[in-house]
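Below is structure-v5.pdb, holding PDB, C-alpha atoms, pLDDT in the B column.
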ATOM      1  CA  MET N   1     118.055  77.394  92.641  1.00 69.00           C
ATOM      2  CA  GLN N   2     119.291  79.016  95.822  1.00 73.00           C
ATOM      3  CA  GLY N   3     116.884  79.048  98.742  1.00 69.00           C
ATOM      4  CA  ARG N   4     116.594  82.300 100.655  1.00 69.00           C
ATOM      5  CA  ALA N   5     116.097  82.799 104.373  1.00 70.00           C
ATOM      6  CA  ASP N   6     112.787  84.432 105.235  1.00 68.00           C
ATOM      7  CA  PRO N   7     113.458  87.449 107.463  1.00 67.00           C
ATOM      8  CA  GLN N   8     110.124  86.907 109.261  1.00 66.00           C
ATOM      9  CA  ARG N   9     109.920  84.207 111.894  1.00 61.00           C
ATOM     10  CA  GLU N  10     107.447  81.376 111.813  1.00 64.00           C
ATOM     11  CA  ILE N  11     104.721  81.217 114.475  1.00 67.00           C
ATOM     12  CA  LEU N  12     106.371  78.396 116.425  1.00 69.00           C
ATOM     13  CA  ASP N  13     109.967  79.427 115.786  1.00 76.00           C
ATOM     14  CA  VAL N  14     111.980  77.726 118.539  1.00 83.00           C
ATOM     15  CA  GLU N  15     114.154  80.774 119.181  1.00 79.00           C
ATOM     16  CA  SER N  16     111.155  83.011 119.864  1.00 76.00           C
ATOM     17  CA  VAL N  17     109.374  80.375 121.987  1.00 77.00           C
ATOM     18  CA  ALA N  18     112.290  78.918 123.957  1.00 79.00           C
ATOM     19  CA  GLY N  19     115.371  80.904 122.930  1.00 75.00           C
ATOM     20  CA  HIS N  20     115.664  82.306 126.457  1.00 83.00           C
ATOM     21  CA  LEU N  21     116.572  78.783 127.613  1.00 84.00           C
ATOM     22  CA  LEU N  22     119.750  78.702 125.514  1.00 88.00           C
ATOM     23  CA  PRO N  23     122.837  79.423 127.633  1.00 89.00           C
ATOM     24  CA  ALA N  24     124.156  82.917 126.889  1.00 91.00           C
ATOM     25  CA  GLY N  25     127.536  82.812 125.193  1.00 93.00           C
ATOM     26  CA  GLY N  26     126.997  79.282 123.911  1.00 94.00           C
ATOM     27  CA  VAL N  27     127.229  78.224 120.295  1.00 96.00           C
ATOM     28  CA  PHE N  28     123.482  77.575 119.992  1.00 95.00           C
ATOM     29  CA  ALA N  29     122.576  81.086 121.163  1.00 93.00           C
ATOM     30  CA  PHE N  30     125.337  82.613 119.036  1.00 95.00           C
ATOM     31  CA  LEU N  31     124.155  80.890 115.855  1.00 95.00           C
ATOM     32  CA  ALA N  32     120.541  81.723 116.651  1.00 92.00           C
ATOM     33  CA  GLY N  33     121.408  85.395 116.877  1.00 90.00           C
ATOM     34  CA  HIS N  34     124.060  85.722 114.186  1.00 94.00           C
ATOM     35  CA  ARG N  35     123.729  82.945 111.578  1.00 92.00           C
ATOM     36  CA  ARG N  36     122.443  85.290 108.844  1.00 91.00           C
ATOM     37  CA  GLU N  37     125.355  87.675 109.430  1.00 93.00           C
ATOM     38  CA  LEU N  38     127.877  84.809 109.445  1.00 95.00           C
ATOM     39  CA  PHE N  39     126.432  83.055 106.398  1.00 93.00           C
ATOM     40  CA  PRO N  40     124.725  85.633 104.141  1.00 91.00           C
ATOM     41  CA  ASP N  41     123.050  84.358 100.980  1.00 86.00           C
ATOM     42  CA  GLU N  42     125.506  86.355  98.855  1.00 87.00           C
ATOM     43  CA  LEU N  43     128.402  84.097  99.924  1.00 88.00           C
ATOM     44  CA  PHE N  44     126.751  81.106  98.265  1.00 86.00           C
ATOM     45  CA  VAL N  45     125.443  82.598  95.008  1.00 84.00           C
ATOM     46  CA  ASP N  46     128.165  80.976  92.894  1.00 85.00           C
ATOM     47  CA  LEU N  47     126.991  77.524  94.040  1.00 81.00           C
ATOM     48  CA  PHE N  48     123.599  78.112  92.397  1.00 78.00           C
ATOM     49  CA  PRO N  49     124.202  79.404  88.861  1.00 79.00           C
ATOM     50  CA  SER N  50     120.742  78.397  87.626  1.00 76.00           C
ATOM     51  CA  ARG N  51     117.519  80.126  88.606  1.00 77.00           C
ATOM     52  CA  ARG N  52     115.561  77.034  87.659  1.00 80.00           C
ATOM     53  CA  GLY N  53     114.422  74.212  89.880  1.00 79.00           C
ATOM     54  CA  ARG N  54     113.178  73.908  93.397  1.00 77.00           C
ATOM     55  CA  PRO N  55     114.780  76.286  95.940  1.00 77.00           C
ATOM     56  CA  SER N  56     117.377  74.699  98.189  1.00 80.00           C
ATOM     57  CA  ILE N  57     117.459  74.920 101.955  1.00 84.00           C
ATOM     58  CA  PRO N  58     118.722  78.427 102.863  1.00 89.00           C
ATOM     59  CA  ALA N  59     122.500  78.648 103.157  1.00 89.00           C
ATOM     60  CA  ASP N  60     122.455  79.939 106.744  1.00 92.00           C
ATOM     61  CA  VAL N  61     120.555  76.813 107.840  1.00 93.00           C
ATOM     62  CA  VAL N  62     122.883  74.388 106.047  1.00 92.00           C
ATOM     63  CA  ALA N  63     126.000  76.191 107.286  1.00 94.00           C
ATOM     64  CA  SER N  64     124.697  76.239 110.878  1.00 96.00           C
ATOM     65  CA  VAL N  65     124.012  72.502 110.759  1.00 97.00           C
ATOM     66  CA  ILE N  66     127.521  71.859 109.414  1.00 96.00           C
ATOM     67  CA  VAL N  67     129.082  73.959 112.191  1.00 97.00           C
ATOM     68  CA  LEU N  68     127.099  72.117 114.883  1.00 98.00           C
ATOM     69  CA  GLN N  69     127.786  68.738 113.265  1.00 98.00           C
ATOM     70  CA  THR N  70     131.526  69.419 113.274  1.00 98.00           C
ATOM     71  CA  LEU N  71     131.572  70.756 116.844  1.00 97.00           C
ATOM     72  CA  HIS N  72     129.724  67.685 118.118  1.00 98.00           C
ATOM     73  CA  GLY N  73     131.564  65.174 115.924  1.00 98.00           C
ATOM     74  CA  LEU N  74     128.363  63.755 114.449  1.00 98.00           C
ATOM     75  CA  SER N  75     127.805  61.748 111.293  1.00 98.00           C
ATOM     76  CA  ASP N  76     125.426  63.056 108.642  1.00 97.00           C
ATOM     77  CA  SER N  77     122.580  60.858 109.876  1.00 97.00           C
ATOM     78  CA  GLU N  78     123.212  61.871 113.492  1.00 98.00           C
ATOM     79  CA  ALA N  79     123.160  65.549 112.479  1.00 98.00           C
ATOM     80  CA  VAL N  80     119.852  65.023 110.657  1.00 97.00           C
ATOM     81  CA  GLU N  81     118.436  63.407 113.786  1.00 98.00           C
ATOM     82  CA  ALA N  82     119.728  66.239 115.981  1.00 98.00           C
ATOM     83  CA  VAL N  83     118.258  69.004 113.813  1.00 96.00           C
ATOM     84  CA  THR N  84     114.985  67.075 113.627  1.00 96.00           C
ATOM     85  CA  PHE N  85     114.507  66.428 117.351  1.00 96.00           C
ATOM     86  CA  ASP N  86     116.795  68.721 119.391  1.00 95.00           C
ATOM     87  CA  LEU N  87     115.248  72.128 120.085  1.00 93.00           C
ATOM     88  CA  ARG N  88     118.678  73.702 120.616  1.00 94.00           C
ATOM     89  CA  TRP N  89     119.631  72.778 117.052  1.00 96.00           C
ATOM     90  CA  LYS N  90     116.299  74.071 115.727  1.00 94.00           C
ATOM     91  CA  ALA N  91     116.789  77.392 117.537  1.00 93.00           C
ATOM     92  CA  ALA N  92     120.337  77.736 116.200  1.00 94.00           C
ATOM     93  CA  CYS N  93     119.088  77.079 112.657  1.00 93.00           C
ATOM     94  CA  GLY N  94     115.979  79.261 112.859  1.00 90.00           C
ATOM     95  CA  LEU N  95     113.547  76.386 112.472  1.00 90.00           C
ATOM     96  CA  ALA N  96     110.051  75.952 113.849  1.00 88.00           C
ATOM     97  CA  VAL N  97     108.990  73.326 116.341  1.00 84.00           C
TER      98      VAL N  97
END
Mind turning the file's structure into structure tokens?
Amino acid sequence: MQGRADPQREILDVESVAGHLLPAGGVFAFLAGHRRELFPDELFVDLFPSRRGRPSIPADVVASVIVLQTLHGLSDSEAVEAVTFDLRWKAACGLAV
């Protein structure tokens, strides 16, 4: 089942708390501001033909992680570590602290 991005931010959303610290024009700030436009849920509907099961991670989050992983040349485990502990990655992906 396809996960959907919640249009409302969480209380400790990194972008709202520390987004002003992201360099303007950088990839982190760009993804933070435009990831839902770049990766709308509708682009990924065909990957989730069933409406059963537990919802996946929203497509805009997964796609943002893949973009950052590729730009930084990280392995899967390094990307998981980065999105877990690096606030820039959390802001770019719309995650909370």
Using all atoms listed in the file, can you tell me which of N:Val14, N:Val80, N:Leu21, N:Val61 comes closest to N:Asp41?
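Checking each candidate against N:Asp41, we get N:Val61 as the closest.
Here atom CA of N:Trp89 stands at a distance of 21.9 Å from atom CA of N:Pro55.
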Measure the distance from atom CA of N:Val83 to atom CA of N:Ser50 in Å and round it to one decimal.
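One can read the atom CA of N:Val83 to atom CA of N:Ser50 distance as 27.9 Å.
Across the structure, atom CA of N:Gln2 and atom CA of N:Gly26 are spaced 29.1 Å apart.
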Take the PyMOL selection byres ((chain N and resi 56) around 12), apply it to the structure above, and return the hits as an NGL selection string.
:N and (1-5 or 41 or 44-45 or 47-48 or 50-55 or 57-62)
Kindly resolve the PyMOL selection byres ((chain N and resi 15) around 12) on the present coordinates and return the residues as an MDAnalysis selection string.
chainID N and resid 9:14 16:22 28:33 87:97
How big is the axis-aligned box, and where does its centre sit, when it encloses all atoms of stretch 78-84 of chain N listed in the file and has 6 Å added on every side, reported in Å to one decimal as AutoDock Vina command-line options?
--center_x 119.1 --center_y 65.4 --center_z 113.3 --size_x 20.2 --size_y 19.1 --size_z 17.3
On this structure, which residues satisfy the PyMOL selection byres ((chain N and resi 68-70) around 9), written as a PyMOL selection string?
chain N and resi 27-28+63-67+71-76+78-79+82+89+92
